[in-house]
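Q: After the structure tokens below, expect a handful of questions from me.
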Amino acid sequence: MLDWKNPPRLFIPGPVKVNEDVLQQLARPTLGHRGKEYAQLHAKTTDMLKKALFTEQNVFLFTSSGSGGWEASIRNCVAPDETVLCTCCGAFSDKWADVAKSCGKNVEVLKVDWGKPITSEMIDEKLSTGKYAGITLIHNETSTGLTNPVYEISEMMKEKYPDVLVFVDSVSAMVGLPLHFDELGWDVAFASVQKAFAIPPGLAVAAVSNRALEKSKNVAGRGYYFDFQQFAKRNEMNQTPTTPAIPHIMALNYQCEKLLAEGMENVWERHKKMGDFVRSWAKEKFGLFCDEGYASNTLTAVKNTRGINVAETINAIGAKHNTIFGNGYGKLKEQTFRIAHMGDITLDDLKELLTWIDDEIG
Ligand SMILES: Cc1ncc(COP(=O)(O)O)c(C=O)c1O
């Protein structure tokens, strides 16, 4: 039976560790979502998110997990007669292509081997056909521990294909890795809060460009729950279309205050330090799964070069230290294991975990 006073320490790549002060935000008295207190909370939170994401455009709060962003971007911004190019480099980017198909869209896929990045050259080659209205990009592929070269890709897109819309899954990147939404020229970028925001799951954040919003007006079949037009209309009143996860928004407001007080450059640098630390251990003891130049600063996928029994190691550390890290995802189970270093996880936390793994593997 779970001891609630002594919950497991989480190093899985989401949900990640949540600090006690953040949990307390979720326990505050609730508000009516059409009242002025909520409007103040909404306004303040979305203003801070705009600063954190370097945008002066729109920020929406979805009461959903990150997967909602997959559906929201596709359903709002890809018309029935258009084709979207889905770039796939791991389990989550693959899944997004499936979601786009399940939304009834025309989808073409650009696939690379897991552990390899999507490059601007590959996208350029595809887009030069002139077939695509939009592309999906994953900022950070959580299954392989890889960060795509999104700045390079975006520069190329802005120069050569300014009319193609760019949809970005930033689920395990947002606020942990650099993201200058307006400068990148992105149209939708979304994340769930159980990753680098370090809040329990239940809410997603999306930055949406003015042109994506404009486009969605004429896209048929954009559905009800994630309809950008409804979100924009309600945002003007500092509300959401349906009853939002208010406790999560209180926690998000609190976390945004801390992020901005620290400064986004410092936040990203803190993540880089944790990434460097875990990577140097991984390279000494095992190997990295993805190409090192693209290794993520929010999580590391360690290549199991020593053939340890990953599940048994996770169980043993769970039993001895009440701590869990991630096995490989999907087909990478046992071939890799994953350690999150994002949000409110600290270097000291990581030092402790890596010592325990060392003790376990001998
Ligand atoms: C990159 C990425 N995209 C999407 C998802 C799905 O997010 P959620 O589980 O919040 O729906 C995840 C979950 O881990 C993810 O890592």
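For the structure tokens, the naming scheme is as follows: chains receive sequential letters (A, B, ...) according to their order of presentation, residues are indexed from 1 within each chain, and ligands are indexed from 1 in presentation order.
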Based on DSSP run over this structure's backbone, return all residues of region 22-237 of chain A in alpha helix (DSSP H), as a ChimeraX atom specification.
A: /A:22-26,36-53,67-77,91-102,120-127,150-160,181-184,210-216,228-235
Q: If the limit is 9 Å from any atom of ligand 1, counting only C-alpha atoms and all ligand atoms, which residues qualify? Return them as a ChimeraX atom specification.
A: /A:13-15,64-70,91-93,95-96,138-143,169-173,191-195,201-204
Q: As a ChimeraX atom specification, please: the residues near Glu360 (chain A) (cut-off 10 Å, only C-alpha atoms, same-chain neighbours under 5 positions excluded).
A: /A:312-314,316-317,354-355
Q: Could you save those same residues with N, CA and C atoms as a compact mmCIF listing (two decimals), in the first residue's frame?
A:
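Saved file selection_0.txt follows:
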# COMPACT_ATOMS: atom_id res chain seq x y z
N GLU A 312 14.54 -5.03 -13.28
CA GLU A 312 14.95 -5.47 -11.93
C GLU A 312 15.69 -4.37 -11.20
N THR A 313 16.51 -3.62 -11.92
CA THR A 313 17.26 -2.53 -11.28
C THR A 313 16.29 -1.45 -10.78
N ILE A 314 15.31 -1.14 -11.61
CA ILE A 314 14.31 -0.13 -11.19
C ILE A 314 13.56 -0.63 -9.95
N ALA A 316 14.59 -2.79 -7.71
CA ALA A 316 15.47 -2.84 -6.53
C ALA A 316 15.64 -1.44 -5.94
N ILE A 317 15.83 -0.46 -6.78
CA ILE A 317 16.00 0.91 -6.26
C ILE A 317 14.69 1.42 -5.68
N LEU A 354 22.07 8.54 -9.12
CA LEU A 354 23.14 7.86 -9.88
C LEU A 354 24.02 7.01 -8.96
N THR A 355 24.22 7.48 -7.72
CA THR A 355 24.97 6.66 -6.75
C THR A 355 24.22 5.35 -6.49
Q: From a backbone DSSP assignment, name each residue in region 143-216 of chain A labelled strand (DSSP E), as a VMD selection string.
A: chain A and resid 146 to 147 165 to 169 188 to 192 204 to 208
Q: Suppose we keep C-alpha atoms; can you now write the selection as a PDB file, in the first residue's frame?
A:
ATOM      1  CA  LEU A 146      16.675  13.695 -28.334  1.00  0.00           C
ATOM      2  CA  THR A 147      16.210  17.406 -28.981  1.00  0.00           C
ATOM      3  CA  LEU A 165       2.322  26.352 -40.717  1.00  0.00           C
ATOM      4  CA  VAL A 166       4.557  24.871 -38.007  1.00  0.00           C
ATOM      5  CA  PHE A 167       3.038  22.801 -35.185  1.00  0.00           C
ATOM      6  CA  VAL A 168       5.391  21.861 -32.371  1.00  0.00           C
ATOM      7  CA  ASP A 169       5.054  19.257 -29.632  1.00  0.00           C
ATOM      8  CA  VAL A 188       1.241  26.167 -32.285  1.00  0.00           C
ATOM      9  CA  ALA A 189       3.524  24.930 -29.491  1.00  0.00           C
ATOM     10  CA  PHE A 190       2.104  22.969 -26.604  1.00  0.00           C
ATOM     11  CA  ALA A 191       3.101  21.090 -23.452  1.00  0.00           C
ATOM     12  CA  SER A 192       1.537  19.312 -20.525  1.00  0.00           C
ATOM     13  CA  ALA A 204      -1.795  21.690 -21.009  1.00  0.00           C
ATOM     14  CA  VAL A 205      -0.476  25.019 -22.236  1.00  0.00           C
ATOM     15  CA  ALA A 206      -0.516  26.110 -25.883  1.00  0.00           C
ATOM     16  CA  ALA A 207       0.971  29.131 -27.613  1.00  0.00           C
ATOM     17  CA  VAL A 208      -0.982  29.873 -30.798  1.00  0.00           C
TER      18      VAL A 208
END
Q: With only C-alpha atoms as the basis for distance, which of A:Asp98, A:Leu85, A:Ser120, A:Pro149 is at the shortest distance from Ile135 (chain A)?
A: A:Leu85
Q: What's around region 332-348 of chain A at 9 Å? Count only C-alpha atoms, leave out sequence neighbours fewer than 5 positions away in its own chain, and write the answer as a PyMOL selection string.
A: chain A and resi 10-14+16-19+142-145+172-173+175-176+194-199+267+270-271+273-275+277-278+288-289+297-305+307-311+325-327+353
Q: Would you export the selected residues with N, CA and C atoms as a compact mmCIF listing (two decimals), in the first residue's frame, please?
A:
# COMPACT_ATOMS: atom_id res chain seq x y z
N LEU A 10 10.22 10.59 -7.99
CA LEU A 10 10.06 10.32 -9.43
C LEU A 10 11.20 10.89 -10.25
N PHE A 11 11.83 10.00 -11.03
CA PHE A 11 12.80 10.43 -12.04
C PHE A 11 12.38 9.91 -13.42
N ILE A 12 11.11 9.47 -13.51
CA ILE A 12 10.59 9.09 -14.83
C ILE A 12 10.38 10.39 -15.62
N PRO A 13 10.39 10.30 -16.97
CA PRO A 13 10.24 11.55 -17.74
C PRO A 13 8.79 12.02 -17.83
N GLY A 14 8.19 12.16 -16.70
CA GLY A 14 6.86 12.68 -16.57
C GLY A 14 5.85 11.60 -16.24
N VAL A 16 6.92 14.29 -13.30
CA VAL A 16 8.17 14.42 -12.56
C VAL A 16 7.89 14.89 -11.13
N LYS A 17 8.95 14.91 -10.36
CA LYS A 17 8.88 15.37 -8.96
C LYS A 17 8.11 16.70 -8.83
N VAL A 18 7.20 16.74 -7.86
CA VAL A 18 6.50 18.00 -7.57
C VAL A 18 6.82 18.40 -6.14
N ASN A 19 7.29 19.61 -5.96
CA ASN A 19 7.65 20.08 -4.62
C ASN A 19 6.40 20.36 -3.78
N THR A 142 10.72 12.32 -26.24
CA THR A 142 10.90 11.74 -24.90
C THR A 142 11.28 10.26 -24.95
N SER A 143 10.95 9.57 -26.04
CA SER A 143 11.27 8.14 -26.10
C SER A 143 12.76 7.90 -26.37
N THR A 144 13.43 8.87 -26.99
CA THR A 144 14.83 8.65 -27.37
C THR A 144 15.78 9.63 -26.69
N GLY A 145 15.23 10.59 -25.93
CA GLY A 145 16.08 11.58 -25.24
C GLY A 145 16.77 12.53 -26.21
N SER A 172 7.91 17.74 -23.62
CA SER A 172 8.99 17.52 -22.63
C SER A 172 10.12 18.53 -22.80
N ALA A 173 9.80 19.67 -23.44
CA ALA A 173 10.82 20.71 -23.65
C ALA A 173 10.43 22.04 -23.01
N VAL A 175 9.76 25.30 -21.30
CA VAL A 175 10.41 25.92 -20.12
C VAL A 175 11.67 25.21 -19.61
N GLY A 176 11.95 24.04 -20.18
CA GLY A 176 13.23 23.39 -19.84
C GLY A 176 14.29 23.69 -20.89
N GLN A 194 2.99 18.33 -16.47
CA GLN A 194 3.67 17.36 -15.59
C GLN A 194 5.12 17.13 -15.99
N LYS A 195 5.61 17.94 -16.92
CA LYS A 195 7.02 17.79 -17.33
C LYS A 195 7.82 18.94 -16.71
N ALA A 196 8.39 19.83 -17.52
CA ALA A 196 9.32 20.82 -16.95
C ALA A 196 8.63 21.88 -16.09
N PHE A 197 7.31 22.01 -16.17
CA PHE A 197 6.62 22.92 -15.25
C PHE A 197 6.55 22.35 -13.83
N ALA A 198 6.76 21.03 -13.72
CA ALA A 198 6.80 20.35 -12.41
C ALA A 198 5.52 20.52 -11.59
N ILE A 199 4.41 20.21 -12.25
CA ILE A 199 3.07 20.27 -11.65
C ILE A 199 2.44 18.89 -11.90
N VAL A 267 17.08 29.37 -16.21
CA VAL A 267 16.34 28.10 -16.10
C VAL A 267 16.91 27.10 -17.12
N ARG A 270 20.28 25.91 -16.05
CA ARG A 270 20.16 24.93 -14.95
C ARG A 270 19.85 23.54 -15.55
N HIS A 271 18.97 23.51 -16.53
CA HIS A 271 18.67 22.22 -17.17
C HIS A 271 19.90 21.68 -17.90
N LYS A 273 23.01 22.13 -17.12
CA LYS A 273 23.96 21.59 -16.12
C LYS A 273 23.54 20.18 -15.69
N MET A 274 22.23 20.02 -15.47
CA MET A 274 21.76 18.68 -15.07
C MET A 274 21.97 17.69 -16.21
N GLY A 275 21.70 18.15 -17.44
CA GLY A 275 21.89 17.28 -18.61
C GLY A 275 23.35 16.86 -18.74
N PHE A 277 25.59 16.69 -16.47
CA PHE A 277 25.96 15.80 -15.37
C PHE A 277 25.51 14.35 -15.64
N VAL A 278 24.27 14.20 -16.03
CA VAL A 278 23.75 12.84 -16.26
C VAL A 278 24.42 12.22 -17.50
N LEU A 288 25.06 6.74 -24.68
CA LEU A 288 23.83 7.52 -24.93
C LEU A 288 23.08 6.84 -26.07
N PHE A 289 21.77 6.85 -25.99
CA PHE A 289 21.01 6.22 -27.08
C PHE A 289 21.04 7.07 -28.34
N ASN A 297 18.51 18.14 -22.79
CA ASN A 297 18.82 18.65 -21.45
C ASN A 297 17.66 18.45 -20.47
N THR A 298 16.57 17.80 -20.90
CA THR A 298 15.48 17.54 -19.94
C THR A 298 15.39 16.07 -19.53
N LEU A 299 15.93 15.19 -20.37
CA LEU A 299 16.02 13.78 -19.95
C LEU A 299 17.13 13.09 -20.74
N THR A 300 17.65 12.02 -20.17
CA THR A 300 18.66 11.24 -20.88
C THR A 300 18.13 9.82 -21.09
N ALA A 301 18.23 9.36 -22.35
CA ALA A 301 17.95 7.95 -22.64
C ALA A 301 19.31 7.25 -22.68
N VAL A 302 19.55 6.42 -21.68
CA VAL A 302 20.84 5.74 -21.55
C VAL A 302 20.78 4.43 -22.33
N LYS A 303 21.80 4.19 -23.14
CA LYS A 303 21.84 2.94 -23.91
C LYS A 303 22.38 1.84 -22.99
N ASN A 304 21.65 0.76 -22.89
CA ASN A 304 22.01 -0.30 -21.95
C ASN A 304 23.12 -1.18 -22.54
N THR A 305 24.31 -0.61 -22.66
CA THR A 305 25.43 -1.32 -23.29
C THR A 305 25.92 -2.50 -22.43
N GLY A 307 23.94 -4.55 -20.76
CA GLY A 307 22.92 -5.61 -20.69
C GLY A 307 22.40 -5.85 -19.29
N ILE A 308 22.28 -4.78 -18.48
CA ILE A 308 21.70 -4.99 -17.14
C ILE A 308 20.21 -5.29 -17.30
N ASN A 309 19.63 -5.90 -16.27
CA ASN A 309 18.19 -6.09 -16.28
C ASN A 309 17.57 -4.80 -15.75
N VAL A 310 17.05 -3.99 -16.67
CA VAL A 310 16.59 -2.65 -16.31
C VAL A 310 15.41 -2.73 -15.34
N ALA A 311 14.43 -3.57 -15.67
CA ALA A 311 13.23 -3.65 -14.81
C ALA A 311 13.62 -4.05 -13.40
N PHE A 325 12.99 5.42 -11.73
CA PHE A 325 13.34 6.08 -12.99
C PHE A 325 12.70 5.27 -14.11
N GLY A 326 12.88 5.70 -15.36
CA GLY A 326 12.10 5.12 -16.45
C GLY A 326 12.81 4.01 -17.20
N ASN A 327 12.08 2.94 -17.47
CA ASN A 327 12.59 1.94 -18.42
C ASN A 327 12.55 2.57 -19.81
N LEU A 353 20.52 9.64 -7.02
CA LEU A 353 19.99 8.56 -7.86
C LEU A 353 21.13 7.81 -8.55
Q: Mind pulling up the distance from CA of Glu155 (chain A) to CA of Pro178 (chain A)?
A: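 CA of Glu155 (chain A) lies at a distance of 14.7 Å from CA of Pro178 (chain A).
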Q: What separation in Å, quoted to one decimal, exists between CA of Cys88 (chain A) and CA of Ala282 (chain A)?
A: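 Interatomic distance here is 25.2 Å.
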